Amino acid sequence: MPEIIIVDTTLRDGEQAPGFAFAPALKIRLASMMDEAGVDQIEAGVPAMGENEKATIRSIREACANARVSTWNRLRESDVRHSFDCSPHIIHLCCPVSDRQIKDKLKTTRAEVLASLAKCAVLAASRGAEVTVGFEDASHASPDQLREAAKAARQCGVVRVRLSDTVGCYTPDKVWRAVRMLRETGVDVEIHAHNDFGMAVANSLMAVNAGARYVNTTLWGIGERAGNCGLATFTAAAARLGNTSCAVDSRKALELERLAATLLPQKSMNGWGKHLGYGYGTRPFGL
């Protein structure tokens, strides 16, 4: 089985956790630490948020010797142009795929979403960046809807798509089927799992078992609502339960989380530990 590649989104999705707000200098320091630990890709932020965010993303790119830096963007050409100002290695496009996202939230049609995807993907690739596409609310999309979106992305030259469990309601069996189906369309698959029902790590492991090569993580598992797939816990689980190798060593991941925790206000870490039902410092899987 190919080595699992870590895409860490602490600085974007993780920061949405209650009690966490990273100053620019801290973001740069955390990115540097993740780079040293072997994280392959760091999702650094959302350039459309403004000039301060752009400046921080540029500094993160300069601070990372090996990790590739990506930006997160809506399906708007203006977002993509904001990303150009940051010169990221990867421009990630968030593409809604469920009916409730497309019809109820955005008040648009699937055809219009896919047309926007094509325009934004072509524009994003025009400056030489790799382009990846995230299927937002994938767990509420049908297999046919996911397949259609994957084929549309592939036609635009995109070779990697993100299966985003936006509201954390995937189960391991459904993840396995979704990844297998997407792999059949010829794209690489990335899993972005949320922990609303405590299955972020299990769903990520099952995605890898089905053929996903990229796994999204955050430090300590922080993120909106119940959080995301935790870096240290996932790497430990992959090593002991997944019978597969990971680009980030599990012990290095645990040490990274311990050192990074010392840079944050204790009330943030205590609050998050209480939210999850355990105190920070618990050794995942007995490490």
# chains A, B, ... in the order shown; residues from 1 in each chain; ligands from 1
>>> residues_around(residues="A:Ala55", least_positions_apart="2", cutoff="12 Å", atoms="only C-alpha atoms", output="list in words")
Pro24, Ala25, Lys27, Ile28, Ala44, Gly45, Val46, Pro47, Ala48, Met49, Gly50, Glu51, Asn52, Glu53, Ile57, Arg58, Ser59, Ile60, Arg61, Glu62, His82, Ser83, Asp85, Cys86, Ser87 and Pro88 of chain A
>>> atom_distance(atom1="atom CA of A:Val69", atom2="atom CA of A:Glu43")
6.0 Å
>>> select_by_dssp(residues="stretch 33-192 of chain A", states="alpha helix (DSSP H)", output="PyMOL selection string")
chain A and resi 33-37+51-63+77-84+99+110-125+143-155+172-184
>>> select_by_dssp(residues="stretch 111-215 of chain A", states="strand (DSSP E)", output="PDB file with all heavy atoms, in the first residue's frame")
ATOM      1  N   GLU A 130      -0.583  23.579  -8.684  1.00  0.00           N
ATOM      2  CA  GLU A 130      -1.408  22.377  -8.733  1.00  0.00           C
ATOM      3  C   GLU A 130      -2.807  22.761  -8.267  1.00  0.00           C
ATOM      4  O   GLU A 130      -2.966  23.601  -7.382  1.00  0.00           O
ATOM      5  CB  GLU A 130      -0.832  21.296  -7.819  1.00  0.00           C
ATOM      6  CG  GLU A 130      -1.659  20.022  -7.775  1.00  0.00           C
ATOM      7  CD  GLU A 130      -1.163  18.993  -6.780  1.00  0.00           C
ATOM      8  OE1 GLU A 130      -0.034  19.175  -6.256  1.00  0.00           O
ATOM      9  OE2 GLU A 130      -1.888  18.029  -6.516  1.00  0.00           O
ATOM     10  N   VAL A 131      -3.820  22.149  -8.858  1.00  0.00           N
ATOM     11  CA  VAL A 131      -5.205  22.444  -8.490  1.00  0.00           C
ATOM     12  C   VAL A 131      -5.845  21.189  -7.915  1.00  0.00           C
ATOM     13  O   VAL A 131      -5.786  20.119  -8.522  1.00  0.00           O
ATOM     14  CB  VAL A 131      -6.023  22.939  -9.695  1.00  0.00           C
ATOM     15  CG1 VAL A 131      -7.460  23.265  -9.263  1.00  0.00           C
ATOM     16  CG2 VAL A 131      -5.371  24.163 -10.326  1.00  0.00           C
ATOM     17  N   THR A 132      -6.434  21.320  -6.728  1.00  0.00           N
ATOM     18  CA  THR A 132      -7.201  20.223  -6.145  1.00  0.00           C
ATOM     19  C   THR A 132      -8.621  20.718  -5.894  1.00  0.00           C
ATOM     20  O   THR A 132      -8.862  21.917  -5.754  1.00  0.00           O
ATOM     21  CB  THR A 132      -6.580  19.721  -4.834  1.00  0.00           C
ATOM     22  OG1 THR A 132      -6.590  20.782  -3.859  1.00  0.00           O
ATOM     23  CG2 THR A 132      -5.153  19.248  -5.057  1.00  0.00           C
ATOM     24  N   VAL A 133      -9.548  19.779  -5.847  1.00  0.00           N
ATOM     25  CA  VAL A 133     -10.962  20.138  -5.671  1.00  0.00           C
ATOM     26  C   VAL A 133     -11.537  19.378  -4.490  1.00  0.00           C
ATOM     27  O   VAL A 133     -11.360  18.155  -4.373  1.00  0.00           O
ATOM     28  CB  VAL A 133     -11.775  19.824  -6.939  1.00  0.00           C
ATOM     29  CG1 VAL A 133     -13.274  20.062  -6.698  1.00  0.00           C
ATOM     30  CG2 VAL A 133     -11.303  20.688  -8.111  1.00  0.00           C
ATOM     31  N   GLY A 134     -12.220  20.099  -3.611  1.00  0.00           N
ATOM     32  CA  GLY A 134     -12.868  19.482  -2.465  1.00  0.00           C
ATOM     33  C   GLY A 134     -14.364  19.397  -2.674  1.00  0.00           C
ATOM     34  O   GLY A 134     -15.008  20.406  -2.980  1.00  0.00           O
ATOM     35  N   PHE A 135     -14.921  18.202  -2.509  1.00  0.00           N
ATOM     36  CA  PHE A 135     -16.359  18.010  -2.654  1.00  0.00           C
ATOM     37  C   PHE A 135     -17.036  18.276  -1.314  1.00  0.00           C
ATOM     38  O   PHE A 135     -17.066  17.423  -0.424  1.00  0.00           O
ATOM     39  CB  PHE A 135     -16.660  16.596  -3.147  1.00  0.00           C
ATOM     40  CG  PHE A 135     -16.172  16.330  -4.553  1.00  0.00           C
ATOM     41  CD1 PHE A 135     -15.876  15.047  -4.962  1.00  0.00           C
ATOM     42  CD2 PHE A 135     -16.007  17.367  -5.452  1.00  0.00           C
ATOM     43  CE1 PHE A 135     -15.435  14.796  -6.251  1.00  0.00           C
ATOM     44  CE2 PHE A 135     -15.564  17.135  -6.744  1.00  0.00           C
ATOM     45  CZ  PHE A 135     -15.273  15.847  -7.152  1.00  0.00           C
ATOM     46  N   GLU A 136     -17.570  19.479  -1.187  1.00  0.00           N
ATOM     47  CA  GLU A 136     -18.181  19.911   0.073  1.00  0.00           C
ATOM     48  C   GLU A 136     -19.479  19.155   0.330  1.00  0.00           C
ATOM     49  O   GLU A 136     -20.294  18.963  -0.561  1.00  0.00           O
ATOM     50  CB  GLU A 136     -18.445  21.419   0.036  1.00  0.00           C
ATOM     51  CG  GLU A 136     -18.956  21.990   1.343  1.00  0.00           C
ATOM     52  CD  GLU A 136     -19.177  23.493   1.267  1.00  0.00           C
ATOM     53  OE1 GLU A 136     -19.338  24.029   0.167  1.00  0.00           O
ATOM     54  OE2 GLU A 136     -19.189  24.117   2.344  1.00  0.00           O
ATOM     55  N   ARG A 160      -6.627  15.280  -8.259  1.00  0.00           N
ATOM     56  CA  ARG A 160      -6.891  14.921  -6.863  1.00  0.00           C
ATOM     57  C   ARG A 160      -8.145  15.625  -6.364  1.00  0.00           C
ATOM     58  O   ARG A 160      -8.288  16.834  -6.510  1.00  0.00           O
ATOM     59  CB  ARG A 160      -5.717  15.288  -5.961  1.00  0.00           C
ATOM     60  CG  ARG A 160      -5.914  14.763  -4.546  1.00  0.00           C
ATOM     61  CD  ARG A 160      -5.033  15.335  -3.453  1.00  0.00           C
ATOM     62  NE  ARG A 160      -3.851  16.040  -3.779  1.00  0.00           N
ATOM     63  CZ  ARG A 160      -3.239  16.862  -2.917  1.00  0.00           C
ATOM     64  NH1 ARG A 160      -3.743  17.034  -1.702  1.00  0.00           N
ATOM     65  NH2 ARG A 160      -2.148  17.491  -3.262  1.00  0.00           N
ATOM     66  N   VAL A 161      -9.059  14.850  -5.760  1.00  0.00           N
ATOM     67  CA  VAL A 161     -10.270  15.427  -5.194  1.00  0.00           C
ATOM     68  C   VAL A 161     -10.338  15.094  -3.711  1.00  0.00           C
ATOM     69  O   VAL A 161      -9.824  14.074  -3.258  1.00  0.00           O
ATOM     70  CB  VAL A 161     -11.548  14.927  -5.904  1.00  0.00           C
ATOM     71  CG1 VAL A 161     -11.512  15.300  -7.378  1.00  0.00           C
ATOM     72  CG2 VAL A 161     -11.732  13.428  -5.719  1.00  0.00           C
ATOM     73  N   ARG A 162     -10.958  15.971  -2.969  1.00  0.00           N
ATOM     74  CA  ARG A 162     -11.110  15.810  -1.519  1.00  0.00           C
ATOM     75  C   ARG A 162     -12.545  15.415  -1.204  1.00  0.00           C
ATOM     76  O   ARG A 162     -13.496  16.091  -1.608  1.00  0.00           O
ATOM     77  CB  ARG A 162     -10.758  17.114  -0.810  1.00  0.00           C
ATOM     78  CG  ARG A 162     -11.023  17.101   0.689  1.00  0.00           C
ATOM     79  CD  ARG A 162     -10.803  18.480   1.306  1.00  0.00           C
ATOM     80  NE  ARG A 162      -9.401  18.859   1.338  1.00  0.00           N
ATOM     81  CZ  ARG A 162      -8.943  20.024   1.822  1.00  0.00           C
ATOM     82  NH1 ARG A 162      -9.805  20.919   2.290  1.00  0.00           N
ATOM     83  NH2 ARG A 162      -7.662  20.297   1.814  1.00  0.00           N
ATOM     84  N   LEU A 163     -12.683  14.323  -0.481  1.00  0.00           N
ATOM     85  CA  LEU A 163     -13.984  13.868  -0.015  1.00  0.00           C
ATOM     86  C   LEU A 163     -14.214  14.516   1.345  1.00  0.00           C
ATOM     87  O   LEU A 163     -13.646  14.087   2.357  1.00  0.00           O
ATOM     88  CB  LEU A 163     -13.973  12.340   0.091  1.00  0.00           C
ATOM     89  CG  LEU A 163     -15.300  11.590   0.166  1.00  0.00           C
ATOM     90  CD1 LEU A 163     -16.136  11.844  -1.082  1.00  0.00           C
ATOM     91  CD2 LEU A 163     -15.044  10.106   0.334  1.00  0.00           C
ATOM     92  N   SER A 164     -15.029  15.562   1.376  1.00  0.00           N
ATOM     93  CA  SER A 164     -15.210  16.351   2.600  1.00  0.00           C
ATOM     94  C   SER A 164     -16.488  15.949   3.327  1.00  0.00           C
ATOM     95  O   SER A 164     -17.595  16.153   2.812  1.00  0.00           O
ATOM     96  CB  SER A 164     -15.259  17.850   2.269  1.00  0.00           C
ATOM     97  OG  SER A 164     -14.042  18.283   1.725  1.00  0.00           O
ATOM     98  N   ASP A 188      -6.992  10.765  -7.817  1.00  0.00           N
ATOM     99  CA  ASP A 188      -6.510  10.460  -6.480  1.00  0.00           C
ATOM    100  C   ASP A 188      -7.521  11.027  -5.486  1.00  0.00           C
ATOM    101  O   ASP A 188      -8.196  12.027  -5.772  1.00  0.00           O
ATOM    102  CB  ASP A 188      -5.146  11.095  -6.223  1.00  0.00           C
ATOM    103  CG  ASP A 188      -4.016  10.338  -6.904  1.00  0.00           C
ATOM    104  OD1 ASP A 188      -4.180   9.125  -7.131  1.00  0.00           O
ATOM    105  OD2 ASP A 188      -2.984  10.966  -7.216  1.00  0.00           O
ATOM    106  N   VAL A 189      -7.608  10.394  -4.317  1.00  0.00           N
ATOM    107  CA  VAL A 189      -8.619  10.805  -3.341  1.00  0.00           C
ATOM    108  C   VAL A 189      -7.970  11.232  -2.039  1.00  0.00           C
ATOM    109  O   VAL A 189      -7.030  10.612  -1.549  1.00  0.00           O
ATOM    110  CB  VAL A 189      -9.624   9.664  -3.077  1.00  0.00           C
ATOM    111  CG1 VAL A 189     -10.680  10.111  -2.059  1.00  0.00           C
ATOM    112  CG2 VAL A 189     -10.315   9.241  -4.374  1.00  0.00           C
ATOM    113  N   GLU A 190      -8.525  12.289  -1.486  1.00  0.00           N
ATOM    114  CA  GLU A 190      -8.111  12.851  -0.193  1.00  0.00           C
ATOM    115  C   GLU A 190      -9.325  12.812   0.722  1.00  0.00           C
ATOM    116  O   GLU A 190     -10.440  13.108   0.281  1.00  0.00           O
ATOM    117  CB  GLU A 190      -7.631  14.281  -0.433  1.00  0.00           C
ATOM    118  CG  GLU A 190      -7.259  15.101   0.755  1.00  0.00           C
ATOM    119  CD  GLU A 190      -6.790  16.494   0.325  1.00  0.00           C
ATOM    120  OE1 GLU A 190      -6.189  16.633  -0.752  1.00  0.00           O
ATOM    121  OE2 GLU A 190      -7.046  17.449   1.090  1.00  0.00           O
ATOM    122  N   ILE A 191      -9.143  12.445   1.975  1.00  0.00           N
ATOM    123  CA  ILE A 191     -10.268  12.380   2.910  1.00  0.00           C
ATOM    124  C   ILE A 191     -10.173  13.491   3.941  1.00  0.00           C
ATOM    125  O   ILE A 191      -9.107  13.721   4.520  1.00  0.00           O
ATOM    126  CB  ILE A 191     -10.343  10.995   3.609  1.00  0.00           C
ATOM    127  CG1 ILE A 191     -11.517  10.931   4.596  1.00  0.00           C
ATOM    128  CG2 ILE A 191      -9.028  10.651   4.304  1.00  0.00           C
ATOM    129  CD1 ILE A 191     -12.875  10.966   3.949  1.00  0.00           C
ATOM    130  N   HIS A 192     -11.280  14.182   4.137  1.00  0.00           N
ATOM    131  CA  HIS A 192     -11.375  15.265   5.122  1.00  0.00           C
ATOM    132  C   HIS A 192     -12.516  14.904   6.064  1.00  0.00           C
ATOM    133  O   HIS A 192     -13.690  15.099   5.744  1.00  0.00           O
ATOM    134  CB  HIS A 192     -11.659  16.592   4.406  1.00  0.00           C
ATOM    135  CG  HIS A 192     -11.784  17.767   5.326  1.00  0.00           C
ATOM    136  ND1 HIS A 192     -10.720  18.576   5.645  1.00  0.00           N
ATOM    137  CD2 HIS A 192     -12.855  18.280   5.992  1.00  0.00           C
ATOM    138  CE1 HIS A 192     -11.117  19.543   6.462  1.00  0.00           C
ATOM    139  NE2 HIS A 192     -12.418  19.383   6.688  1.00  0.00           N
ATOM    140  N   TYR A 214      -4.307  10.543   0.479  1.00  0.00           N
ATOM    141  CA  TYR A 214      -4.130  11.788   1.222  1.00  0.00           C
ATOM    142  C   TYR A 214      -5.135  11.855   2.376  1.00  0.00           C
ATOM    143  O   TYR A 214      -6.326  11.603   2.188  1.00  0.00           O
ATOM    144  CB  TYR A 214      -4.340  12.996   0.304  1.00  0.00           C
ATOM    145  CG  TYR A 214      -3.374  13.059  -0.862  1.00  0.00           C
ATOM    146  CD1 TYR A 214      -3.593  12.298  -2.012  1.00  0.00           C
ATOM    147  CD2 TYR A 214      -2.255  13.879  -0.815  1.00  0.00           C
ATOM    148  CE1 TYR A 214      -2.706  12.355  -3.086  1.00  0.00           C
ATOM    149  CE2 TYR A 214      -1.367  13.950  -1.880  1.00  0.00           C
ATOM    150  CZ  TYR A 214      -1.606  13.178  -3.011  1.00  0.00           C
ATOM    151  OH  TYR A 214      -0.729  13.240  -4.065  1.00  0.00           O
ATOM    152  N   VAL A 215      -4.639  12.233   3.552  1.00  0.00           N
ATOM    153  CA  VAL A 215      -5.494  12.328   4.731  1.00  0.00           C
ATOM    154  C   VAL A 215      -5.341  13.707   5.358  1.00  0.00           C
ATOM    155  O   VAL A 215      -4.225  14.156   5.627  1.00  0.00           O
ATOM    156  CB  VAL A 215      -5.140  11.243   5.770  1.00  0.00           C
ATOM    157  CG1 VAL A 215      -5.920  11.459   7.067  1.00  0.00           C
ATOM    158  CG2 VAL A 215      -5.422   9.847   5.210  1.00  0.00           C
TER     159      VAL A 215
END
>>> closest_residue(among="A:Gly242, A:Gly19, A:Gly157, A:Gly14", to="A:Thr217", atoms="only C-alpha atoms")
A:Gly14
>>> residues_around(residues="A:Thr244", least_positions_apart="6", cutoff="8 Å", atoms="only C-alpha atoms", output="PyMOL selection string")
chain A and resi 1-4+238
>>> write_last_selection(atoms="N, CA, C and O atoms", output="PDB file, in the first residue's frame")
ATOM      1  N   MET A   1       0.846  -1.195   0.000  1.00  0.00           N
ATOM      2  CA  MET A   1       0.000   0.000   0.000  1.00  0.00           C
ATOM      3  C   MET A   1       0.888   1.255   0.000  1.00  0.00           C
ATOM      4  O   MET A   1       1.838   1.333   0.760  1.00  0.00           O
ATOM      5  N   PRO A   2       0.594   2.251  -0.867  1.00  0.00           N
ATOM      6  CA  PRO A   2       1.421   3.464  -0.929  1.00  0.00           C
ATOM      7  C   PRO A   2       1.436   4.215   0.395  1.00  0.00           C
ATOM      8  O   PRO A   2       0.519   4.096   1.210  1.00  0.00           O
ATOM      9  N   GLU A   3       2.487   4.998   0.608  1.00  0.00           N
ATOM     10  CA  GLU A   3       2.617   5.789   1.825  1.00  0.00           C
ATOM     11  C   GLU A   3       1.502   6.828   1.916  1.00  0.00           C
ATOM     12  O   GLU A   3       1.155   7.472   0.931  1.00  0.00           O
ATOM     13  N   ILE A   4       0.953   6.993   3.102  1.00  0.00           N
ATOM     14  CA  ILE A   4      -0.096   7.981   3.323  1.00  0.00           C
ATOM     15  C   ILE A   4       0.525   9.367   3.394  1.00  0.00           C
ATOM     16  O   ILE A   4       1.509   9.585   4.104  1.00  0.00           O
ATOM     17  N   ALA A 238      -2.690   4.512  12.210  1.00  0.00           N
ATOM     18  CA  ALA A 238      -2.244   3.990  10.920  1.00  0.00           C
ATOM     19  C   ALA A 238      -1.102   3.005  11.099  1.00  0.00           C
ATOM     20  O   ALA A 238      -1.034   1.969  10.427  1.00  0.00           O
TER      21      ALA A 238
END
>>> residues_around(residues="A:Ala124", least_positions_apart="5", cutoff="12 Å", atoms="only C-alpha atoms", output="PyMOL selection string")
chain A and resi 70-85+87-93+116-119+129-133+156-158
>>> closest_residue(among="A:Ala63, A:Thr262, A:Leu231, A:Ile6", to="A:Ser250", atoms="only C-alpha atoms")
A:Leu231
>>> closest_residue(among="A:Ala138, A:Ala125, A:Ser204, A:Ala115", to="A:Arg100", atoms="only C-alpha atoms")
A:Ala138
>>> residues_around(residues="A:Glu15", least_positions_apart="6", cutoff="9 Å", atoms="only C-alpha atoms", output="PyMOL selection string")
chain A and resi 9+21-22+222-224
>>> residues_around(residues="A:Lys105", least_positions_apart="5", cutoff="12 Å", atoms="only C-alpha atoms", output="count of residues only")
6
>>> decode(residues="stretch 131-148 of chain A", atoms="N, CA and C atoms", output="tab-separated table (two decimals), in the first residue's frame")
chain	number	residue	atom	x	y	z
A	131	VAL	N	-3.82	22.15	-8.86
A	131	VAL	CA	-5.21	22.44	-8.49
A	131	VAL	C	-5.85	21.19	-7.91
A	132	THR	N	-6.43	21.32	-6.73
A	132	THR	CA	-7.20	20.22	-6.14
A	132	THR	C	-8.62	20.72	-5.89
A	133	VAL	N	-9.55	19.78	-5.85
A	133	VAL	CA	-10.96	20.14	-5.67
A	133	VAL	C	-11.54	19.38	-4.49
A	134	GLY	N	-12.22	20.10	-3.61
A	134	GLY	CA	-12.87	19.48	-2.46
A	134	GLY	C	-14.36	19.40	-2.67
A	135	PHE	N	-14.92	18.20	-2.51
A	135	PHE	CA	-16.36	18.01	-2.65
A	135	PHE	C	-17.04	18.28	-1.31
A	136	GLU	N	-17.57	19.48	-1.19
A	136	GLU	CA	-18.18	19.91	0.07
A	136	GLU	C	-19.48	19.15	0.33
A	137	ASP	N	-19.68	18.74	1.59
A	137	ASP	CA	-20.87	18.00	2.01
A	137	ASP	C	-21.03	16.71	1.21
A	138	ALA	N	-19.91	16.04	0.96
A	138	ALA	CA	-19.93	14.82	0.15
A	138	ALA	C	-20.78	13.73	0.76
A	139	SER	N	-20.86	13.69	2.10
A	139	SER	CA	-21.62	12.62	2.74
A	139	SER	C	-23.12	12.74	2.52
A	140	HIS	N	-23.58	13.87	1.98
A	140	HIS	CA	-25.00	14.02	1.65
A	140	HIS	C	-25.23	14.01	0.14
A	141	ALA	N	-24.20	13.64	-0.62
A	141	ALA	CA	-24.35	13.54	-2.08
A	141	ALA	C	-24.51	12.07	-2.46
A	142	SER	N	-25.22	11.82	-3.53
A	142	SER	CA	-25.40	10.46	-4.01
A	142	SER	C	-24.15	10.02	-4.77
A	143	PRO	N	-23.96	8.71	-4.94
A	143	PRO	CA	-22.82	8.23	-5.73
A	143	PRO	C	-22.78	8.84	-7.14
A	144	ASP	N	-23.94	8.97	-7.77
A	144	ASP	CA	-23.97	9.55	-9.11
A	144	ASP	C	-23.54	11.01	-9.10
A	145	GLN	N	-23.93	11.75	-8.06
A	145	GLN	CA	-23.53	13.15	-7.97
A	145	GLN	C	-22.03	13.28	-7.75
A	146	LEU	N	-21.47	12.43	-6.92
A	146	LEU	CA	-20.02	12.44	-6.70
A	146	LEU	C	-19.28	12.06	-7.98
A	147	ARG	N	-19.79	11.05	-8.66
A	147	ARG	CA	-19.14	10.58	-9.90
A	147	ARG	C	-19.16	11.69	-10.96
A	148	GLU	N	-20.29	12.37	-11.08
A	148	GLU	CA	-20.40	13.45	-12.06
A	148	GLU	C	-19.41	14.57	-11.75
